[in-house]
file model20.cif (mmCIF, C-alpha atoms)
data_run
loop_
_atom_site.label_atom_id
_atom_site.label_comp_id
_atom_site.auth_asym_id
_atom_site.auth_seq_id
_atom_site.Cartn_x
_atom_site.Cartn_y
_atom_site.Cartn_z
CA MET A 294 110.16 -38.83 -44.83
CA ALA A 295 109.80 -35.70 -46.96
CA THR A 296 106.90 -33.40 -46.16
CA ILE A 297 105.02 -30.75 -48.11
CA THR A 298 104.73 -27.91 -45.63
CA ALA A 299 103.17 -25.12 -47.66
CA GLY A 300 101.94 -23.99 -51.05
CA ILE A 301 102.51 -20.65 -52.68
CA ALA A 302 100.57 -19.12 -55.56
CA CYS A 303 102.25 -16.34 -57.47
CA SER A 304 101.90 -14.62 -60.84
CA HIS A 305 105.04 -14.50 -63.00
CA VAL A 306 104.83 -11.33 -65.12
CA PRO A 307 108.14 -10.67 -66.98
CA ALA A 308 107.96 -6.91 -66.32
CA ILE A 309 108.26 -7.64 -62.57
CA GLY A 310 111.61 -9.34 -63.17
CA ALA A 311 112.73 -6.44 -65.35
CA ALA A 312 111.70 -3.94 -62.63
CA MET A 313 113.88 -5.79 -60.10
CA ASP A 314 116.81 -6.30 -62.48
CA LEU A 315 116.81 -2.63 -63.54
CA GLY A 316 116.41 -1.22 -60.01
CA LYS A 317 112.91 0.22 -60.53
CA THR A 318 111.18 -1.28 -57.51
CA THR A 319 110.90 2.07 -55.70
CA GLU A 320 109.15 3.74 -58.64
CA PRO A 321 105.53 4.67 -57.81
CA TYR A 322 104.18 2.23 -60.41
CA TRP A 323 105.90 -0.72 -58.72
CA VAL A 324 105.77 0.22 -55.00
CA PRO A 325 102.30 -1.27 -54.27
CA LEU A 326 103.23 -4.54 -55.97
CA PHE A 327 106.42 -5.13 -54.00
CA LYS A 328 104.70 -4.08 -50.77
CA GLY A 329 102.44 -7.09 -51.24
CA PHE A 330 105.48 -9.36 -50.97
CA GLU A 331 107.09 -7.80 -47.86
CA PHE A 332 105.26 -10.19 -45.54
CA SER A 333 106.10 -13.11 -47.85
CA ARG A 334 109.83 -12.42 -47.72
CA ARG A 335 109.76 -12.33 -43.91
CA TRP A 336 107.67 -15.48 -43.83
CA ILE A 337 109.93 -17.42 -46.17
CA ALA A 338 113.06 -16.31 -44.31
CA GLN A 339 111.60 -18.17 -41.32
CA ASN A 340 110.16 -21.02 -43.37
CA THR A 341 112.83 -21.65 -45.99
CA PRO A 342 112.21 -25.12 -47.42
CA ASP A 343 114.87 -27.56 -48.54
CA VAL A 344 113.21 -27.87 -51.92
CA VAL A 345 110.64 -25.91 -53.93
CA PHE A 346 108.63 -27.91 -56.45
CA LEU A 347 107.91 -25.05 -58.84
CA VAL A 348 105.02 -25.39 -61.29
CA TYR A 349 105.27 -22.89 -64.15
CA ASN A 350 105.01 -22.62 -67.89
CA ASP A 351 107.70 -22.05 -70.45
CA HIS A 352 106.99 -19.15 -72.84
CA ALA A 353 108.42 -20.40 -76.15
CA THR A 354 111.88 -20.43 -74.58
CA ALA A 355 113.02 -23.98 -73.80
CA PHE A 356 110.19 -25.51 -75.82
CA SER A 357 109.36 -24.33 -79.34
CA LEU A 358 106.62 -25.88 -81.47
CA ASP A 359 109.10 -28.68 -82.20
CA LEU A 360 108.38 -30.32 -78.85
CA ILE A 361 105.38 -29.58 -76.61
CA PRO A 362 105.28 -31.68 -73.45
CA THR A 363 102.08 -31.31 -71.44
CA PHE A 364 103.93 -31.98 -68.16
CA ALA A 365 107.74 -31.81 -68.01
CA ILE A 366 109.80 -32.39 -64.86
CA GLY A 367 113.33 -31.03 -64.51
CA CYS A 368 115.60 -33.77 -63.15
CA ALA A 369 118.97 -32.05 -63.74
CA ASP A 370 121.54 -30.80 -61.21
CA GLU A 371 121.05 -27.25 -62.38
CA PHE A 372 119.08 -25.04 -64.73
CA LYS A 373 120.45 -21.81 -66.21
CA PRO A 374 118.36 -18.65 -66.53
CA ALA A 375 117.35 -18.47 -70.21
CA ASP A 376 118.19 -15.81 -72.75
CA GLU A 377 114.66 -14.82 -73.78
CA GLY A 378 115.88 -12.48 -76.49
CA TRP A 379 117.43 -9.67 -74.44
CA GLY A 380 120.07 -11.63 -72.49
CA PRO A 381 119.55 -13.89 -69.46
CA ARG A 382 118.17 -12.33 -66.27
CA PRO A 383 121.00 -11.55 -63.82
CA VAL A 384 119.77 -14.09 -61.28
CA PRO A 385 121.51 -17.13 -59.77
CA VAL A 386 121.62 -20.50 -61.51
CA VAL A 387 118.78 -22.70 -60.23
CA LYS A 388 120.03 -25.81 -58.42
CA GLY A 389 117.85 -28.88 -58.82
CA HIS A 390 117.22 -31.89 -56.62
CA PRO A 391 117.72 -34.83 -59.01
CA GLU A 392 117.08 -37.53 -56.40
CA LEU A 393 113.70 -36.18 -55.34
CA ALA A 394 112.77 -35.24 -58.92
CA SER A 395 113.53 -38.76 -60.15
CA HIS A 396 111.61 -40.28 -57.26
CA ILE A 397 108.57 -38.09 -58.01
CA THR A 398 108.82 -38.94 -61.72
CA GLN A 399 108.76 -42.69 -61.15
CA SER A 400 106.02 -42.49 -58.53
CA VAL A 401 103.76 -40.17 -60.52
CA ILE A 402 104.09 -42.10 -63.79
CA GLN A 403 103.14 -45.24 -61.87
CA SER A 404 100.04 -43.30 -60.76
CA ASP A 405 99.03 -42.81 -64.44
CA PHE A 406 100.46 -39.28 -65.00
CA ASP A 407 102.83 -39.58 -67.94
CA LEU A 408 105.51 -36.96 -67.38
CA THR A 409 108.24 -35.93 -69.80
CA VAL A 410 111.68 -36.12 -68.19
CA VAL A 411 113.97 -33.17 -68.89
CA ASN A 412 117.69 -33.46 -68.12
CA ARG A 413 118.77 -30.26 -69.81
CA MET A 414 116.71 -27.07 -69.86
CA ASP A 415 117.09 -23.33 -69.41
CA VAL A 416 114.39 -21.70 -67.29
CA ASP A 417 112.62 -18.50 -68.27
CA HIS A 418 110.83 -15.73 -66.35
CA GLY A 419 107.94 -18.08 -65.59
CA LEU A 420 110.21 -19.79 -63.06
CA THR A 421 112.66 -17.04 -62.06
CA VAL A 422 110.20 -14.18 -61.40
CA PRO A 423 108.41 -16.01 -58.54
CA LEU A 424 111.83 -16.88 -57.04
CA SER A 425 112.81 -13.20 -57.22
CA LEU A 426 109.52 -12.06 -55.71
CA MET A 427 109.84 -14.45 -52.76
CA PHE A 428 113.60 -14.36 -52.13
CA GLY A 429 114.67 -10.94 -53.44
CA GLN A 430 118.12 -10.70 -55.00
CA PRO A 431 120.44 -13.16 -53.21
CA GLN A 432 123.83 -14.35 -54.55
CA ALA A 433 122.47 -17.90 -54.58
CA TRP A 434 118.90 -19.20 -54.21
CA PRO A 435 118.49 -20.44 -50.64
CA CYS A 436 117.00 -23.82 -51.59
CA LYS A 437 116.88 -26.43 -54.31
CA VAL A 438 114.21 -26.10 -57.01
CA ILE A 439 112.51 -28.77 -59.12
CA PRO A 440 111.14 -27.07 -62.26
CA PHE A 441 107.84 -28.49 -63.44
CA ALA A 442 106.72 -27.06 -66.78
CA VAL A 443 103.09 -27.27 -67.93
CA ASN A 444 102.02 -26.58 -71.51
CA VAL A 445 99.65 -23.63 -71.61
CA VAL A 446 100.93 -22.25 -74.94
CA GLN A 447 99.24 -24.56 -77.45
CA PHE A 448 95.58 -25.24 -76.64
CA PRO A 449 94.47 -27.35 -74.92
CA PRO A 450 96.44 -27.27 -71.69
CA PRO A 451 95.66 -30.06 -69.22
CA SER A 452 92.27 -29.62 -67.56
CA GLY A 453 91.93 -28.12 -64.11
CA ASN A 454 90.83 -31.46 -62.75
CA ARG A 455 93.80 -33.25 -64.33
CA CYS A 456 96.09 -30.69 -62.69
CA TYR A 457 94.38 -31.06 -59.32
CA GLN A 458 94.63 -34.86 -59.44
CA LEU A 459 98.28 -34.62 -60.50
CA GLY A 460 98.91 -32.45 -57.43
CA ARG A 461 97.51 -35.24 -55.28
CA ALA A 462 99.82 -37.76 -56.95
CA ILE A 463 102.81 -35.46 -56.37
CA ARG A 464 101.82 -35.24 -52.70
CA ARG A 465 101.84 -39.04 -52.37
CA ALA A 466 105.20 -39.17 -54.15
CA VAL A 467 106.80 -36.61 -51.83
CA ASP A 468 105.34 -38.33 -48.76
CA SER A 469 107.02 -41.57 -49.81
CA PHE A 470 110.52 -40.08 -50.30
CA ASP A 471 112.81 -41.57 -47.71
CA ALA A 472 114.76 -38.52 -46.53
CA LYS A 473 113.87 -35.77 -44.10
CA LEU A 474 113.13 -32.83 -46.38
CA GLU A 475 110.79 -29.86 -46.16
CA VAL A 476 109.20 -29.26 -49.53
CA GLN A 477 107.05 -26.39 -50.72
CA ILE A 478 104.98 -26.50 -53.87
CA TRP A 479 104.48 -23.31 -55.82
CA GLY A 480 101.86 -22.72 -58.52
CA THR A 481 102.62 -19.75 -60.76
CA GLY A 482 101.10 -17.73 -63.61
CA GLY A 483 97.76 -15.94 -63.86
CA MET A 484 95.67 -14.25 -62.76
CA SER A 485 93.28 -12.78 -65.33
CA HIS A 486 95.05 -11.38 -68.38
CA GLN A 487 94.91 -11.39 -72.14
CA LEU A 488 97.96 -10.46 -74.19
CA GLN A 489 96.51 -10.79 -77.67
CA GLY A 490 93.83 -9.52 -80.03
CA PRO A 491 91.37 -6.65 -79.73
CA ARG A 492 90.40 -7.80 -76.22
CA ALA A 493 93.99 -7.49 -74.88
CA GLY A 494 94.12 -5.85 -71.47
CA LEU A 495 91.23 -7.83 -70.05
CA ILE A 496 91.11 -8.01 -66.25
CA ASN A 497 88.36 -9.68 -64.22
CA LYS A 498 88.64 -8.88 -60.52
CA GLU A 499 85.47 -10.75 -59.61
CA PHE A 500 86.68 -13.95 -61.26
CA ASP A 501 90.11 -13.62 -59.67
CA ASN A 502 88.86 -13.01 -56.14
CA ARG A 503 86.35 -15.84 -56.36
CA PHE A 504 89.21 -18.03 -57.55
CA LEU A 505 91.35 -17.04 -54.55
CA ASP A 506 88.46 -17.78 -52.16
CA GLN A 507 87.75 -21.16 -53.68
CA LEU A 508 91.42 -22.08 -53.90
CA VAL A 509 91.40 -22.06 -50.11
CA GLY A 510 87.94 -23.39 -49.34
CA ASP A 511 86.58 -25.34 -52.30
CA PRO A 512 89.33 -26.40 -54.71
CA GLU A 513 87.28 -29.31 -56.03
CA ALA A 514 84.72 -26.85 -57.37
CA LEU A 515 87.53 -24.85 -59.01
CA ALA A 516 88.88 -28.00 -60.59
CA ARG A 517 85.60 -28.35 -62.50
CA ILE A 518 85.95 -24.99 -64.32
CA PRO A 519 86.22 -25.80 -68.05
CA HIS A 520 88.90 -24.24 -70.27
CA VAL A 521 86.40 -22.13 -72.15
CA GLN A 522 85.28 -20.44 -68.95
CA TYR A 523 88.84 -19.41 -68.08
CA ILE A 524 89.32 -17.95 -71.56
CA ARG A 525 85.95 -16.20 -71.63
CA GLU A 526 86.13 -14.75 -68.12
CA ALA A 527 89.83 -14.54 -67.25
CA GLY A 528 91.33 -13.97 -70.72
CA SER A 529 93.22 -16.17 -73.14
CA GLU A 530 96.30 -16.18 -70.88
CA GLY A 531 94.24 -16.44 -67.67
CA ILE A 532 94.07 -20.15 -68.42
CA GLU A 533 97.51 -20.37 -66.76
CA LEU A 534 95.55 -20.58 -63.50
CA VAL A 535 95.13 -24.34 -63.99
CA MET A 536 98.73 -24.56 -62.74
CA TRP A 537 97.65 -23.28 -59.32
CA LEU A 538 95.49 -26.38 -58.99
CA ILE A 539 98.55 -28.67 -59.12
CA MET A 540 99.84 -26.78 -56.08
CA ARG A 541 96.49 -26.95 -54.29
CA GLY A 542 96.07 -30.65 -55.02
CA ALA A 543 99.34 -31.37 -53.23
CA LEU A 544 98.18 -29.70 -50.00
CA ASP A 545 95.84 -30.94 -47.27
CA ALA A 546 92.08 -30.64 -47.77
CA GLN A 547 92.08 -28.03 -45.00
CA VAL A 548 94.77 -25.37 -45.20
CA ARG A 549 95.63 -22.19 -43.30
CA GLU A 550 95.62 -19.04 -45.41
CA VAL A 551 98.67 -17.19 -44.13
CA HIS A 552 98.79 -14.41 -46.71
CA ARG A 553 96.80 -13.07 -49.65
CA PHE A 554 97.61 -10.25 -52.05
CA TYR A 555 95.88 -9.03 -55.21
CA HIS A 556 97.01 -6.15 -57.38
CA VAL A 557 96.14 -4.65 -60.77
CA PRO A 558 98.13 -4.02 -62.93
CA ALA A 559 101.60 -5.33 -63.54
CA SER A 560 102.01 -4.43 -67.19
CA ASN A 561 99.02 -6.32 -68.76
CA THR A 562 98.21 -8.60 -65.86
CA ALA A 563 96.36 -9.00 -62.56
CA VAL A 564 98.81 -10.23 -59.94
CA GLY A 565 97.61 -12.75 -57.36
CA HIS A 566 99.63 -14.19 -54.53
CA MET A 567 98.80 -16.52 -51.68
CA ILE A 568 100.60 -18.54 -49.00
CA LEU A 569 98.78 -21.64 -47.77
CA GLU A 570 100.15 -23.82 -44.95
CA ASN A 571 99.39 -27.44 -44.24
CA ALA A 572 98.60 -28.28 -40.64
CA ARG A 573 101.73 -29.66 -38.97
CA MET B 194 83.17 -35.75 -86.69
CA SER B 195 84.63 -32.37 -85.95
CA LEU B 196 86.14 -31.18 -82.69
CA ASP B 197 84.06 -29.16 -80.27
CA LYS B 198 85.41 -25.59 -80.23
CA PRO B 199 83.23 -23.69 -77.75
CA TYR B 200 85.76 -20.82 -77.69
CA LEU B 201 85.18 -19.58 -81.24
CA ASP B 202 82.53 -17.02 -80.22
CA ILE B 203 84.63 -15.24 -77.60
CA PRO B 204 84.96 -11.64 -78.77
CA GLY B 205 88.38 -10.28 -79.72
CA THR B 206 90.07 -13.57 -78.89
CA THR B 207 91.81 -16.24 -80.96
CA VAL B 208 92.65 -19.50 -79.26
CA PHE B 209 95.94 -21.01 -80.46
CA ASP B 210 94.62 -24.51 -80.95
CA ALA B 211 96.00 -27.48 -82.83
CA ASP B 212 94.67 -26.30 -86.22
CA LEU B 213 96.24 -22.86 -85.86
CA ALA B 214 99.46 -24.37 -84.52
CA ARG B 215 99.73 -26.47 -87.68
CA LYS B 216 99.04 -23.45 -89.89
CA GLY B 217 101.56 -21.35 -87.98
CA TYR B 218 104.38 -23.85 -87.51
CA HIS B 219 106.85 -22.22 -89.91
CA LEU B 220 105.85 -18.69 -88.91
CA ASN B 221 106.41 -19.49 -85.23
CA SER B 222 109.65 -21.31 -86.04
CA PHE B 223 110.89 -18.17 -87.80
CA CYS B 224 109.97 -16.18 -84.65
CA MET B 225 111.85 -18.66 -82.47
CA SER B 226 114.98 -18.20 -84.60
CA LEU B 227 115.10 -14.58 -83.41
CA MET B 228 116.17 -15.83 -79.97
CA LYS B 229 119.73 -15.89 -81.37
CA PRO B 230 121.53 -12.54 -81.66
CA GLN B 231 123.15 -13.42 -84.99
CA ASN B 232 119.71 -14.19 -86.49
CA ARG B 233 118.28 -10.94 -85.15
CA ALA B 234 121.11 -9.08 -86.85
CA ARG B 235 120.54 -10.85 -90.18
CA PHE B 236 116.77 -10.25 -89.98
CA LYS B 237 117.26 -6.55 -89.25
CA ALA B 238 119.78 -6.18 -92.07
CA ASN B 239 117.38 -7.58 -94.72
CA GLN B 240 113.97 -8.62 -93.44
CA ARG B 241 112.57 -9.84 -96.75
CA ALA B 242 115.61 -11.99 -97.52
CA TYR B 243 115.54 -13.50 -94.04
CA LEU B 244 111.81 -14.27 -94.29
CA ASP B 245 112.36 -15.96 -97.67
CA GLU B 246 114.52 -18.56 -95.92
CA TRP B 247 111.38 -19.90 -94.19
CA GLN B 248 108.50 -21.97 -95.61
CA MET B 249 105.97 -19.29 -94.72
CA SER B 250 103.05 -18.14 -96.87
CA GLU B 251 103.34 -14.80 -98.64
CA GLU B 252 100.48 -13.53 -96.44
CA GLN B 253 102.45 -14.43 -93.31
CA LYS B 254 105.57 -12.70 -94.63
CA GLN B 255 103.60 -9.55 -95.51
CA ALA B 256 102.01 -9.49 -92.06
CA VAL B 257 105.46 -9.77 -90.43
CA LEU B 258 106.78 -6.90 -92.54
CA ALA B 259 103.69 -4.82 -91.60
CA ARG B 260 104.00 -5.86 -87.92
CA ASP B 261 100.26 -6.58 -88.10
CA TYR B 262 99.95 -8.74 -84.99
CA ASN B 263 96.20 -9.34 -85.24
CA ARG B 264 96.68 -10.64 -88.78
CA LEU B 265 99.65 -12.76 -87.67
CA ILE B 266 97.49 -14.35 -84.99
CA GLU B 267 94.80 -15.15 -87.60
CA LEU B 268 97.53 -16.76 -89.72
CA GLY B 269 98.69 -19.07 -86.93
CA GLY B 270 101.09 -16.90 -84.96
CA ASN B 271 101.19 -17.39 -81.21
CA ILE B 272 101.74 -14.37 -79.01
CA TYR B 273 104.70 -15.85 -77.11
CA PHE B 274 106.44 -16.54 -80.41
CA LEU B 275 105.41 -13.20 -81.96
CA ALA B 276 106.99 -11.60 -78.88
CA LYS B 277 110.39 -12.46 -80.40
CA ILE B 278 109.59 -10.07 -83.29
CA PHE B 279 108.61 -7.11 -81.13
CA ALA B 280 111.50 -7.80 -78.75
CA THR B 281 113.81 -7.64 -81.78
CA ASP B 282 112.25 -4.26 -82.57
CA GLY B 283 112.91 -3.16 -78.98
CA ASN B 284 109.22 -3.01 -78.08
CA SER B 285 107.44 -4.24 -74.94
CA PHE B 286 104.51 -6.58 -74.45
CA GLN B 287 102.42 -3.56 -73.53
CA TYR B 288 103.33 -1.89 -76.84
CA ALA B 289 102.27 -4.96 -78.80
CA ALA B 290 99.07 -5.48 -76.77
CA ALA B 291 98.11 -1.83 -77.31
CA SER B 292 98.73 -2.14 -81.07
CA MET B 293 96.31 -5.08 -81.26
CA THR B 294 93.54 -3.15 -79.52
CA GLY B 295 93.87 -0.15 -81.81
CA MET B 296 94.70 2.09 -78.83
CA SER B 297 97.80 4.21 -78.37
CA GLN B 298 100.25 2.72 -75.90
CA GLU B 299 99.59 5.67 -73.59
CA ASP B 300 95.81 5.18 -73.60
CA TYR B 301 96.25 1.44 -73.15
CA ALA B 302 98.58 1.95 -70.17
CA LYS B 303 96.01 4.31 -68.62
CA MET B 304 93.27 1.73 -69.11
CA MET B 305 95.40 -0.85 -67.30
CA LEU B 306 96.04 1.56 -64.42
CA ARG B 307 92.28 2.07 -64.11
CA GLY B 308 91.85 -1.69 -63.67
CA GLY B 309 92.00 -3.02 -67.21
CA ARG B 310 89.33 -3.92 -69.74
CA ALA B 311 86.10 -5.39 -68.43
CA PRO B 312 85.36 -8.82 -69.94
CA GLU B 313 82.56 -8.94 -72.51
CA LEU B 314 80.90 -12.12 -71.38
CA GLY B 315 78.13 -12.08 -73.97
#
call {"tool": "encode", "arguments": {"input": "model20.cif", "output": "structure tokens"}}
result
Amino acid sequence: MATITAGIACSHVPAIGAAMDLGKTTEPYWVPLFKGFEFSRRWIAQNTPDVVFLVYNDHATAFSLDLIPTFAIGCADEFKPADEGWGPRPVPVVKGHPELASHITQSVIQSDFDLTVVNRMDVDHGLTVPLSLMFGQPQAWPCKVIPFAVNVVQFPPPSGNRCYQLGRAIRRAVDSFDAKLEVQIWGTGGMSHQLQGPRAGLINKEFDNRFLDQLVGDPEALARIPHVQYIREAGSEGIELVMWLIMRGALDAQVREVHRFYHVPASNTAVGHMILENAR
Amino acid sequence: MSLDKPYLDIPGTTVFDADLARKGYHLNSFCMSLMKPQNRARFKANQRAYLDEWQMSEEQKQAVLARDYNRLIELGGNIYFLAKIFATDGNSFQYAAASMTGMSQEDYAKMMLRGGRAPELG
């Protein structure tokens, strides 16, 4: 039986990927950010899963306005790093796990969550930056990855509660997969940020830290936060945080907080990061 | 009966909802075309001629030529699509964000280092 062992929350700011790709991680601006992931890299070296189920959003890369799936699951053998307009990131090709992805798809749709199946897709910084933050710069990623893209570009994204309930359905699906696999679920994006309009540059540390607290201890309360509250308090792009609730929904009710990191700024964004373990 | 849009009163913020997405479809499709190097080259060589290949309004075309990102957002542009324009110009997200706030990029970067802009919750 496959098991979800841990959940990871992680922002996915493109400038972080650029800092790594261009060798700028020792610059004073970036040092505090990467320090926050030193523990995480040691932890994941000892807890490398077989598969990461990686919840992220595409940023007008694989999906234009021609096709906007609310939830899209990557079922392919592999996914190439996308050319987002300045050439693909120099990171390894992402290897999928088609058997588990297909199993989750069938199980979750039968639980009333209507996923879009994707058999060909390039993956942008939303997916590759968290991999880089956790694994550094290896020749090949040390595990398989199932990309799971959530629409947060055209309003409305799915509600927090919908995301949380979907996480629970994904948990049941993984539990029923008949092979011994360790699976982690990652929720990416956030935290507070706004990239557009006269209010660009918004950061809300109080909102973010309350969110981190409740993600551990009271996710059901978090799942009730309406869209408008995210936008008002955490910025128009802060609404990406609903994706963290898919991750949390797939974990046990009680989790161990192994690591927490919060840093402002990375470019325009507040960076949040957390490692949560299920009891074994 | 109209849709409930409780986000319309949030200061300095435009939510890219279904109505704006409809209004901005061709504008955002033009932006998406700049993902291809050959299209970027053609756009740079003659911006007006390239824009005229798209079913955009004259207002949208003028706002692209002026790189007026606040206006583009009003006219249905989405920031992740508009990013293809400023990437073509060789500019960063921080450059574009600063331009929308009316601050210099330097002042904006300093504001971010001091912890960013406090939300106006009112």
call {"tool": "residues_around", "arguments": {"input": "model20.cif", "residues": "Gln522 of chain A", "least_positions_apart": "3", "cutoff": "12 Å", "atoms": "only C-alpha atoms", "output": "PDB file with C-alpha atoms, in the coordinates of the input"}}
result
ATOM      1  CA  SER A 452      92.270 -29.620 -67.560  1.00  0.00           C
ATOM      2  CA  GLY A 453      91.930 -28.120 -64.110  1.00  0.00           C
ATOM      3  CA  SER A 485      93.280 -12.780 -65.330  1.00  0.00           C
ATOM      4  CA  PHE A 500      86.680 -13.950 -61.260  1.00  0.00           C
ATOM      5  CA  LEU A 515      87.530 -24.850 -59.010  1.00  0.00           C
ATOM      6  CA  ALA A 516      88.880 -28.000 -60.590  1.00  0.00           C
ATOM      7  CA  ARG A 517      85.600 -28.350 -62.500  1.00  0.00           C
ATOM      8  CA  ILE A 518      85.950 -24.990 -64.320  1.00  0.00           C
ATOM      9  CA  PRO A 519      86.220 -25.800 -68.050  1.00  0.00           C
ATOM     10  CA  ARG A 525      85.950 -16.200 -71.630  1.00  0.00           C
ATOM     11  CA  GLU A 526      86.130 -14.750 -68.120  1.00  0.00           C
ATOM     12  CA  ALA A 527      89.830 -14.540 -67.250  1.00  0.00           C
ATOM     13  CA  GLY A 528      91.330 -13.970 -70.720  1.00  0.00           C
ATOM     14  CA  SER A 529      93.220 -16.170 -73.140  1.00  0.00           C
ATOM     15  CA  GLU A 530      96.300 -16.180 -70.880  1.00  0.00           C
ATOM     16  CA  GLY A 531      94.240 -16.440 -67.670  1.00  0.00           C
ATOM     17  CA  ILE A 532      94.070 -20.150 -68.420  1.00  0.00           C
ATOM     18  CA  LEU A 534      95.550 -20.580 -63.500  1.00  0.00           C
ATOM     19  CA  VAL A 535      95.130 -24.340 -63.990  1.00  0.00           C
TER      20      VAL A 535
ATOM     21  CA  PRO B 199      83.230 -23.690 -77.750  1.00  0.00           C
ATOM     22  CA  TYR B 200      85.760 -20.820 -77.690  1.00  0.00           C
ATOM     23  CA  ILE B 203      84.630 -15.240 -77.600  1.00  0.00           C
ATOM     24  CA  PRO B 312      85.360  -8.820 -69.940  1.00  0.00           C
ATOM     25  CA  LEU B 314      80.900 -12.120 -71.380  1.00  0.00           C
TER      26      LEU B 314
END
call {"tool": "resolve_selection", "arguments": {"input": "model20.cif", "expression": "the PyMOL selection byres ((chain A and resi 374) around 8)", "output": "list in words"}}
result
Phe372, Lys373, Ala375, Asp376, Pro381, Arg382, Val384, Pro385, Val386, Val387, Asp415, Val416, Asp417 and Thr421 of chain A
call {"tool": "resolve_selection", "arguments": {"input": "model20.cif", "expression": "the PyMOL selection byres ((chain B) within 9 of (chain A))", "output": "PyMOL selection string"}}
result
chain B and resi 198-200+203-211+214+218+221-222+225+227-230+262-263+266+271-274+277+280-281+286-287+289-295+301-302+304-314
call {"tool": "closest_residue", "arguments": {"input": "model20.cif", "among": "B:Arg233, B:Ser195, B:Gly217, B:Leu275", "to": "Arg260 of chain B", "atoms": "all atoms listed in the file"}}
result
B:Leu275
call {"tool": "closest_residue", "arguments": {"input": "model20.cif", "among": "B:Gly269, B:Ser285, B:Ala238, B:Ile278", "to": "Ser226 of chain B", "atoms": "all atoms listed in the file"}}
result
B:Ile278
call {"tool": "closest_residue", "arguments": {"input": "model20.cif", "among": "B:Lys254, B:Lys237, B:Lys303, B:Arg215", "to": "Asp282 of chain B", "atoms": "all atoms listed in the file"}}
result
B:Lys237
call {"tool": "resolve_selection", "arguments": {"input": "model20.cif", "expression": "the PyMOL selection byres ((chain A and resi 304) around 9)", "output": "VMD selection string"}}
result
chain A and resid 302 to 303 305 to 306 419 422 to 423 480 to 484 562 to 566
call {"tool": "closest_residue", "arguments": {"input": "model20.cif", "among": "B:Ala276, B:Ala259, B:Leu196, B:Leu220", "to": "Glu246 of chain B", "atoms": "only C-alpha atoms"}}
result
B:Leu220
